[in-house]
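What's in work38.cif: mmCIF, C-alpha atoms
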data_protein
#
loop_
_atom_site.label_atom_id
_atom_site.label_comp_id
_atom_site.auth_asym_id
_atom_site.auth_seq_id
_atom_site.Cartn_x
_atom_site.Cartn_y
_atom_site.Cartn_z
CA MET E 14 16.55 45.66 -55.64
CA ASP E 15 14.06 43.30 -57.25
CA PRO E 16 10.64 43.81 -55.55
CA ARG E 17 10.18 40.04 -55.52
CA ILE E 18 13.05 39.73 -53.05
CA TRP E 19 11.35 42.11 -50.62
CA ASN E 20 8.05 40.30 -51.02
CA SER E 21 9.61 36.94 -50.24
CA LEU E 22 11.42 38.03 -47.07
CA PRO E 23 9.91 36.76 -43.79
CA GLU E 24 8.62 39.57 -41.60
CA ASP E 25 11.10 38.94 -38.78
CA ILE E 26 14.02 39.36 -41.23
CA LEU E 27 12.43 42.46 -42.69
CA TYR E 28 12.01 43.86 -39.15
CA ARG E 29 15.72 43.42 -38.46
CA ILE E 30 16.73 45.11 -41.72
CA LEU E 31 14.44 48.09 -41.27
CA SER E 32 15.10 48.51 -37.55
CA VAL E 33 18.50 50.08 -38.33
CA ALA E 34 17.06 52.54 -40.85
CA SER E 35 16.56 56.15 -39.91
CA LEU E 36 13.10 57.39 -39.09
CA GLU E 37 13.21 59.66 -42.13
CA THR E 38 13.94 56.65 -44.38
CA LEU E 39 10.97 54.78 -42.89
CA LEU E 40 8.67 57.69 -43.67
CA ILE E 41 9.81 57.61 -47.30
CA LEU E 42 9.41 53.84 -47.56
CA ARG E 43 5.97 53.91 -45.94
CA SER E 44 4.51 55.73 -48.94
CA THR E 45 5.90 53.25 -51.51
CA CYS E 46 3.62 50.27 -50.88
CA LYS E 47 0.80 48.97 -48.69
CA ARG E 48 2.98 46.31 -47.08
CA PHE E 49 5.48 48.84 -45.74
CA ASN E 50 2.68 51.11 -44.57
CA SER E 51 1.00 48.33 -42.56
CA LEU E 52 4.36 46.97 -41.40
CA PHE E 53 5.44 50.22 -39.76
CA LEU E 54 2.19 50.37 -37.79
CA SER E 55 2.35 46.81 -36.47
CA PRO E 56 3.03 46.42 -32.70
CA ALA E 57 5.78 43.86 -33.39
CA PHE E 58 7.78 46.31 -35.49
CA LEU E 59 7.15 49.28 -33.22
CA SER E 60 8.47 47.36 -30.20
CA SER E 61 11.63 46.28 -32.05
CA TYR E 62 12.51 49.58 -33.73
CA LYS E 63 15.56 51.14 -32.09
CA SER E 64 17.49 52.95 -34.80
CA SER E 65 20.79 54.62 -33.91
CA GLN E 66 20.40 57.07 -36.79
CA PRO E 67 19.63 60.71 -35.94
CA SER E 68 15.89 61.32 -36.00
CA PRO E 69 14.17 64.41 -37.39
CA SER E 70 12.97 66.95 -34.86
CA PHE E 71 11.14 70.22 -35.31
CA LEU E 72 10.43 73.47 -33.50
CA CYS E 73 6.97 74.68 -34.46
CA LEU E 74 6.18 78.38 -34.18
CA SER E 75 2.61 79.63 -33.93
CA HIS E 76 1.90 83.31 -34.61
CA PRO E 77 -1.24 85.31 -35.53
CA HIS E 78 0.40 86.30 -38.83
CA PHE E 79 0.35 82.66 -40.04
CA GLY E 80 -3.39 82.25 -39.58
CA ARG E 81 -5.41 79.92 -37.39
CA ASN E 82 -3.75 76.58 -36.56
CA ARG E 83 -0.84 77.09 -38.96
CA PHE E 84 2.82 76.88 -37.98
CA ALA E 85 6.25 77.79 -39.24
CA VAL E 86 8.52 74.75 -38.85
CA TYR E 87 12.25 74.80 -38.07
CA ASP E 88 14.08 71.56 -38.94
CA THR E 89 16.75 71.22 -36.26
CA LEU E 90 18.43 68.27 -38.00
CA ARG E 91 19.00 70.28 -41.20
CA ARG E 92 19.12 73.64 -39.40
CA ARG E 93 16.74 75.45 -41.72
CA TRP E 94 13.20 76.79 -41.83
CA ARG E 95 10.52 74.95 -43.78
CA ASN E 96 7.31 76.27 -45.27
CA ARG E 97 4.27 76.80 -43.13
CA ALA E 98 2.38 73.67 -42.12
CA SER E 99 -1.06 72.90 -40.77
CA LEU E 100 -0.98 70.20 -38.10
CA ALA E 101 -4.74 69.91 -37.60
CA SER E 102 -7.97 71.87 -37.81
CA SER E 103 -7.83 72.63 -34.08
CA THR E 104 -5.58 74.44 -31.58
CA LEU E 105 -2.36 72.76 -30.46
CA LEU E 106 -2.15 72.83 -26.65
CA ALA E 107 0.81 70.63 -25.69
CA SER E 108 3.34 68.14 -27.06
CA SER E 109 5.51 65.37 -25.62
CA LYS E 110 7.60 62.54 -27.13
CA GLY E 111 5.90 62.49 -30.51
CA ILE E 112 2.31 62.93 -29.35
CA LEU E 113 0.32 66.14 -29.61
CA CYS E 114 -2.68 67.38 -27.63
CA PHE E 115 -5.25 69.52 -29.45
CA SER E 116 -8.56 71.06 -28.57
CA CYS E 117 -11.04 68.72 -30.23
CA PRO E 118 -12.81 70.37 -33.20
CA ALA E 119 -15.65 67.83 -33.17
CA SER E 120 -16.36 68.18 -29.45
CA PRO E 121 -15.89 71.29 -27.26
CA VAL E 122 -15.66 69.04 -24.16
CA SER E 123 -12.72 66.89 -25.25
CA PHE E 124 -9.02 66.78 -26.07
CA LEU E 125 -7.74 65.20 -29.27
CA ILE E 126 -4.51 63.22 -28.77
CA CYS E 127 -2.53 62.39 -31.93
CA ASN E 128 0.61 60.61 -33.04
CA PHE E 129 0.90 61.60 -36.68
CA LEU E 130 3.76 59.19 -37.24
CA THR E 131 1.66 56.14 -36.40
CA LYS E 132 -1.52 57.76 -37.77
CA SER E 133 -3.32 57.16 -34.47
CA THR E 134 -5.71 59.42 -32.56
CA ARG E 135 -7.83 59.30 -29.42
CA THR E 136 -10.52 61.58 -28.04
CA VAL E 137 -10.29 62.22 -24.29
CA LYS E 138 -13.39 63.72 -22.70
CA PHE E 139 -13.01 66.40 -20.04
CA PRO E 140 -13.66 65.21 -16.47
CA ASN E 141 -15.95 68.21 -15.89
CA HIS E 142 -17.81 70.74 -17.95
CA PRO E 143 -16.96 73.56 -18.01
CA PHE E 144 -13.24 72.73 -17.68
CA PRO E 145 -11.22 75.98 -17.31
CA ILE E 146 -7.49 75.22 -17.43
CA GLU E 147 -4.68 77.26 -15.85
CA SER E 148 -1.92 74.77 -16.62
CA LEU E 149 -1.87 71.76 -18.96
CA ASN E 150 0.88 69.14 -19.19
CA LEU E 151 1.14 66.17 -21.55
CA VAL E 152 3.77 63.82 -20.13
CA VAL E 153 5.20 60.38 -20.82
CA PRO E 154 6.64 59.02 -17.53
CA THR E 155 9.97 57.23 -17.82
CA SER E 156 8.60 54.05 -16.24
CA SER E 157 5.69 53.81 -18.71
CA SER E 158 5.64 51.52 -21.73
CA GLY E 159 4.44 54.11 -24.20
CA ASP E 160 1.52 55.32 -22.08
CA TYR E 161 1.02 58.98 -21.26
CA LYS E 162 -0.72 61.21 -18.72
CA ILE E 163 -2.50 64.55 -18.93
CA PHE E 164 -1.99 66.79 -15.90
CA ALA E 165 -4.26 69.82 -15.54
CA LEU E 166 -4.67 72.51 -12.88
CA CYS E 167 -7.98 74.36 -12.80
CA PRO E 168 -9.12 77.39 -10.78
CA GLY E 169 -11.41 76.79 -7.81
CA ILE E 170 -13.29 78.85 -5.24
CA SER E 171 -10.82 78.55 -2.34
CA PHE E 172 -8.01 76.55 -3.99
CA ARG E 173 -7.21 75.06 -7.34
CA GLN E 174 -8.24 71.59 -8.38
CA GLY E 175 -5.97 69.12 -10.12
CA PHE E 176 -6.82 66.36 -12.59
CA VAL E 177 -4.66 63.56 -13.96
CA TYR E 178 -5.67 61.42 -16.94
CA ASP E 179 -4.02 57.99 -17.29
CA SER E 180 -4.03 56.62 -20.86
CA ALA E 181 -3.50 53.05 -19.58
CA SER E 182 -6.70 53.01 -17.52
CA ARG E 183 -8.42 55.72 -19.61
CA ARG E 184 -9.62 57.40 -16.42
CA TRP E 185 -9.33 60.81 -14.78
CA HIS E 186 -8.31 61.23 -11.11
CA GLN E 187 -9.05 64.41 -9.19
CA PHE E 188 -7.09 65.97 -6.32
CA ASP E 189 -7.00 69.26 -4.44
CA ASP E 190 -4.04 71.48 -5.22
CA ILE E 191 -2.61 72.52 -1.85
CA THR E 192 0.41 74.33 -3.35
CA PRO E 193 -1.12 77.68 -4.44
CA ASN E 194 2.24 79.28 -5.27
CA ILE E 195 2.87 77.12 -8.35
CA LYS E 196 3.54 79.44 -11.27
CA THR E 197 0.95 78.61 -13.93
CA ASN E 198 2.62 80.20 -16.94
CA THR E 199 0.38 79.01 -19.79
CA ARG E 200 3.40 77.84 -21.82
CA GLN E 201 5.83 76.78 -19.07
CA GLU E 202 5.02 73.13 -18.50
CA GLY E 203 6.10 70.93 -15.62
CA VAL E 204 9.15 68.67 -15.93
CA ILE E 205 8.79 64.90 -15.71
CA HIS E 206 11.59 63.15 -13.79
CA GLY E 207 10.89 59.49 -13.07
CA ASP E 208 7.22 59.39 -12.10
CA THR E 209 7.20 62.87 -10.60
CA LEU E 210 6.13 66.07 -12.35
CA TYR E 211 8.10 69.07 -11.05
CA PHE E 212 7.11 72.74 -10.98
CA TYR E 213 8.64 75.93 -9.65
CA THR E 214 6.91 78.28 -7.22
CA VAL E 215 7.33 82.02 -6.84
CA GLU E 216 8.05 84.37 -3.95
CA PRO E 217 9.99 82.61 -2.58
CA TYR E 218 11.34 80.51 -5.42
CA SER E 219 11.22 76.80 -4.73
CA ILE E 220 10.69 73.48 -6.50
CA VAL E 221 7.84 71.09 -5.75
CA GLY E 222 6.88 67.78 -7.37
CA TYR E 223 3.67 65.82 -7.83
CA ASP E 224 4.10 62.03 -7.77
CA LEU E 225 1.87 60.75 -10.58
CA GLU E 226 1.81 57.19 -9.20
CA GLN E 227 1.36 57.95 -5.48
CA ARG E 228 -0.89 60.95 -6.31
CA ARG E 229 0.61 63.30 -3.77
CA TRP E 230 2.82 66.40 -3.58
CA ASN E 231 6.43 66.19 -2.41
CA ARG E 232 8.05 68.66 -0.02
CA ALA E 233 9.02 71.97 -1.61
CA LEU E 234 12.77 72.75 -1.78
CA SER E 235 13.99 76.34 -1.69
CA VAL E 236 16.00 77.41 -4.74
CA GLY E 237 18.28 79.32 -2.38
CA GLU E 238 19.04 76.08 -0.50
CA LEU E 239 19.74 74.27 -3.77
CA ILE E 240 22.01 76.69 -5.62
CA GLY E 241 22.95 79.31 -3.02
CA GLY E 242 22.28 83.03 -3.13
CA GLY E 243 18.53 82.60 -3.39
CA SER E 244 17.87 86.24 -2.50
CA ARG E 245 19.57 87.32 -5.74
CA VAL E 246 17.52 85.07 -8.03
CA SER E 247 15.34 87.17 -10.34
CA PHE E 248 13.60 84.30 -12.16
CA VAL E 249 13.77 80.49 -12.41
CA ARG E 250 12.54 77.95 -14.95
CA LEU E 251 12.69 74.16 -15.06
CA VAL E 252 13.32 71.95 -18.07
CA GLY E 253 14.22 68.29 -18.44
CA ASP E 254 15.32 65.44 -20.68
CA ALA E 255 12.91 62.64 -19.76
CA GLY E 256 14.74 60.07 -21.88
CA GLU E 257 18.07 60.55 -20.11
CA GLN E 258 16.48 61.31 -16.73
CA LYS E 259 18.09 64.75 -16.50
CA MET E 260 16.58 67.90 -15.02
CA TYR E 261 17.90 71.44 -15.39
CA LEU E 262 17.26 74.73 -13.63
CA ILE E 263 17.64 78.03 -15.48
CA GLY E 264 17.99 81.08 -13.26
CA GLY E 265 18.57 84.80 -13.66
CA ILE E 266 20.92 86.34 -11.10
CA ALA E 267 20.11 89.98 -10.36
CA THR E 268 22.34 92.83 -9.30
CA GLY E 269 21.55 95.13 -6.40
CA TYR E 270 19.35 97.20 -8.74
CA GLY E 271 17.23 94.21 -9.72
CA THR E 272 18.64 93.94 -13.26
CA VAL E 273 19.63 90.46 -14.41
CA SER E 274 23.40 90.38 -14.86
CA GLU E 275 23.85 86.62 -15.26
CA VAL E 276 21.80 83.70 -16.54
CA LYS E 277 23.00 80.27 -15.41
CA VAL E 278 22.07 76.65 -16.02
CA TRP E 279 22.32 74.00 -13.31
CA GLU E 280 21.84 70.22 -13.62
CA LEU E 281 20.43 68.03 -10.86
CA ASP E 282 23.01 65.41 -9.87
CA ASP E 283 22.33 61.68 -10.08
CA ALA E 284 21.55 61.51 -6.36
CA GLY E 285 18.86 64.15 -6.82
CA ARG E 286 20.23 66.30 -3.99
CA LYS E 287 22.49 68.92 -5.52
CA TRP E 288 22.38 71.29 -8.48
CA VAL E 289 25.67 71.53 -10.39
CA GLU E 290 26.38 74.55 -12.58
CA GLN E 291 26.63 73.65 -16.28
CA GLY E 292 26.70 76.96 -18.10
CA ASN E 293 26.80 80.74 -17.78
CA MET E 294 25.34 82.87 -20.57
CA PRO E 295 27.95 85.12 -22.24
CA ALA E 296 27.68 88.73 -21.10
CA GLU E 297 26.75 90.16 -24.53
CA MET E 298 23.97 87.59 -24.99
CA CYS E 299 22.76 88.23 -21.46
CA ARG E 300 22.39 91.96 -22.15
CA LYS E 301 20.36 91.26 -25.31
CA PHE E 302 18.29 88.67 -23.46
CA ALA E 303 17.46 91.10 -20.65
CA ALA E 304 16.50 93.75 -23.23
CA VAL E 305 14.31 91.25 -25.10
CA CYS E 306 12.38 90.45 -21.93
CA TYR E 307 12.18 94.14 -20.94
CA HIS E 308 13.17 92.93 -17.46
CA ASN E 309 9.71 91.35 -17.21
CA TYR E 310 10.21 87.58 -17.15
CA GLN E 311 6.60 86.46 -16.83
CA HIS E 312 6.52 85.96 -20.64
CA LEU E 313 9.58 83.70 -20.53
CA TYR E 314 9.27 79.91 -20.87
CA CYS E 315 11.69 77.08 -21.63
CA LEU E 316 11.56 73.95 -23.79
CA TRP E 317 13.75 70.87 -23.96
CA HIS E 318 14.47 70.01 -27.58
CA GLY E 319 16.94 67.41 -28.79
CA GLY E 320 19.73 68.10 -26.32
CA MET E 321 19.08 71.83 -26.21
CA ILE E 322 17.45 74.11 -23.66
CA CYS E 323 15.40 76.68 -25.59
CA LEU E 324 14.54 79.97 -23.90
CA CYS E 325 11.44 81.44 -25.55
CA CYS E 326 9.50 84.64 -25.01
CA ASN E 327 5.93 85.45 -26.04
CA THR E 328 7.03 88.94 -27.07
CA TRP E 329 10.16 88.10 -29.11
CA PRO E 330 10.51 86.14 -32.39
CA GLU E 331 13.92 84.59 -31.67
CA VAL E 332 14.84 81.62 -29.47
CA LEU E 333 17.98 81.53 -27.34
CA TRP E 334 19.38 77.99 -27.02
CA PHE E 335 21.93 76.26 -24.84
CA ASP E 336 23.50 73.02 -26.12
CA VAL E 337 23.97 70.97 -22.95
CA ALA E 338 26.58 68.55 -24.31
CA ALA E 339 28.70 71.21 -26.04
CA ARG E 340 27.94 73.88 -23.41
CA GLU E 341 27.42 76.42 -26.17
CA TRP E 342 24.91 79.27 -26.48
CA GLY E 343 23.31 80.65 -29.62
CA TRP E 344 20.29 82.28 -31.23
CA LEU E 345 17.95 80.41 -33.55
CA PRO E 346 17.65 82.16 -36.94
CA LYS E 347 14.59 84.38 -37.10
CA CYS E 348 11.74 82.89 -39.10
CA PRO E 349 11.71 84.50 -42.59
CA LEU E 350 7.92 84.17 -42.76
CA LEU E 351 7.35 86.65 -39.93
CA PRO E 352 6.52 90.29 -40.64
CA GLU E 353 9.10 92.95 -39.84
CA LYS E 354 6.86 94.35 -37.11
CA GLY E 355 4.97 92.30 -34.55
CA ASN E 356 5.95 91.89 -30.93
CA PHE E 357 3.50 89.44 -29.41
CA GLY E 358 1.94 86.00 -29.78
CA PHE E 359 5.06 83.89 -30.38
CA THR E 360 4.26 80.36 -29.20
CA TRP E 361 6.77 77.52 -29.62
CA PHE E 362 6.33 73.75 -29.47
CA SER E 363 8.91 70.96 -29.58
CA VAL E 364 7.83 68.13 -31.89
CA VAL E 365 10.04 65.03 -31.93
CA PRO E 366 8.42 62.13 -33.89
CA ASP E 367 8.35 58.89 -31.91
CA LEU E 368 7.03 55.52 -33.06
CA ASN E 369 6.86 54.01 -29.59
CA THR E 370 4.48 56.38 -27.81
CA LEU E 371 0.99 54.90 -27.92
CA VAL E 372 -2.16 56.94 -28.35
#

Starting from the coordinates I provided, produce the structure as C-alpha cells.
Amino acid sequence: MDPRIWNSLPEDILYRILSVASLETLLILRSTCKRFNSLFLSPAFLSSYKSSQPSPSFLCLSHPHFGRNRFAVYDTLRRRWRNRASLASSTLLASSKGILCFSCPASPVSFLICNFLTKSTRTVKFPNHPFPIESLNLVVPTSSSGDYKIFALCPGISFRQGFVYDSASRRWHQFDDITPNIKTNTRQEGVIHGDTLYFYTVEPYSIVGYDLEQRRWNRALSVGELIGGGSRVSFVRLVGDAGEQKMYLIGGIATGYGTVSEVKVWELDDAGRKWVEQGNMPAEMCRKFAAVCYHNYQHLYCLWHGGMICLCCNTWPEVLWFDVAAREWGWLPKCPLLPEKGNFGFTWFSVVPDLNTLV
C-alpha cells in the first residue's frame, strides 16, 4: 500500500484497523517507522486494542548451563524451541500478565519491573533493608485496570512478616503473617482469584487466601473437606487462570504405602464452594511422573500458561502439561540446548506479552 495513504489516515481510523491485527503483526509493524512505534505506546491505542488473533506466549527455562540471566525459550504458539535469549542483566524473579520482576542491577535494595512489549520499566524500592524473601508473588488482580501488586513473605523472629506493594498508590503495606503453615516453595506462587491471593498449607493440607483489598486472611479450608479423602492426599498445588477467573487444584493421591498412584485436577465451581474433578493423569504418565519426582514433591511447582497447567520440577528437564479445554495430558519436548547430564536447577517462567498491563 502507498505509504501516503497510511500517513493521511486519522489516528482513530488507524486504531480501528490495527486493533484487529495480531500482537505478532504489531511487533513487526512497530519496527518499520517512528509513527507506528509511538502509536503502539499511546494510552489511547493500548486501551482500544482487543485483538481476537492468537497471541504469542513463551515458556522460559533458566538453567546453570545457559549462563547467568540467559534463558531457553519455548514458543507455545509454534510449538518449537527458540535460541537462547537474555531478558535483562539481572535475575528474573517472577512474571505475570506480560510484566516481569527482576532483581535491580543498579540498586541492591530494589526490584525492577518491566513490560518489554511497551518498553516501560519502574524501579520499586524495598520496604526494608535487608529484605530477605521466602515467597514472592507478582499479581494483576482481576478488578484492576492494568495495575499490579507485589506480595512478599519474609522471615521474622516469632512469625513471618508480609508486605504488599500497590502500583496504583506506589506504596508498601505491612502485615503480620498469622498463617505459619503456608508452604513457601520458592517457585510455587500464590493464585489470584478476584482480589484474593490463595495459597496451600501443609500438614494438614488446606487452602487459605489473603484479600489484597481488605488486607486480611480468609478462613482456611481443608482439602479433605473440599475434594474428599484428604487423608490420602500426598501433595497439593494451586494454579489459576486470572483472566477467566478459574482456579484449579492439582493433587497426588497416595496408596497405603505412601506412593502416588493417581494425580488429579479439580476446578473450583462458579459458586466458589465445590471442587469438580476435571482430569486424571494416565497411569503410564503417573508412573513416570512419580519416578521423576523420586517421591519427593517439595521440588514440584505448577504454572498456568495459555490454557495449560504445567507441572514443573527443579530436578527434571521436562514439563508435564494438562490442556484444560481438551482435557489432554502430554510432555513438553526436552530443550535441545540442555546437556545430556544435569539433574538440578531447572526454573520455568510463563511469559505472555500483554499491552494493557501498566508498569

Selection dump of the PyMOL selection byres ((chain E and resi 331-345) around 7), as a PyMOL selection string: chain E and resi 292+294+320-325+329-330+346-347

Minimum-distance residue to E:Leu39, chosen among E:Leu281, E:Ala85, E:Leu74, E:Leu368 (using only C-alpha atoms): E:Leu368

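Taking only C-alpha atoms into account, E:Gly256 lies nearest to E:Trp317 out of the set E:Tyr87, E:Trp317, E:Phe49, E:Phe124.
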
Picked residues, the PyMOL selection byres ((chain E and resi 88-102) around 8), as number ranges by chain: E: 67-72, 79, 82-87, 103-104, 118, 348-349

Answer key for the PyMOL selection byres ((chain E and resi 140-152) around 6), residues as an MDAnalysis selection string: chainID E and resid 109 139 153 161:167 197 199 202

Per residue of stretch 100-213 of chain E within 9 Å of stretch 257-260 of chain E, note the shortest atom pair and the distance in Å to one decimal, counting all atoms listed in the file, and order the rows by chain and increasing residue number, as JSON lines.
{"residue": "E:Thr155", "atom": "CA", "partner": "E:Gln258", "partner_atom": "CA", "distance": 7.8}
{"residue": "E:Val204", "atom": "CA", "partner": "E:Met260", "partner_atom": "CA", "distance": 7.5}
{"residue": "E:Ile205", "atom": "CA", "partner": "E:Met260", "partner_atom": "CA", "distance": 8.4}
{"residue": "E:His206", "atom": "CA", "partner": "E:Gln258", "partner_atom": "CA", "distance": 6.0}
{"residue": "E:Gly207", "atom": "CA", "partner": "E:Gln258", "partner_atom": "CA", "distance": 6.9}

Shortest interatomic distance to E:Leu225 - which of E:Trp361, E:Tyr211, E:Tyr62, E:Tyr307, counting only C-alpha atoms: E:Tyr211

Separation of atom CA of E:Ile126 from atom CA of E:Gly175, in Å and rounded to one decimal: 19.6 Å

E:Pro77 environment, 10 Å, only C-alpha atoms, sequence neighbours closer than 4 positions dropped, as an NGL selection string: :E and (81-84 or 351 or 355 or 357-360)

Once 5 Å is added on each side, what are the centre and the three edge lengths, in Å to one decimal, of the axis-aligned box enclosing the listed atoms of stretch 31-35 of chain E? Present them as AutoDock Vina command-line options.
--center_x 16.5 --center_y 52.1 --center_z -39.4 --size_x 14.1 --size_y 18.1 --size_z 13.7
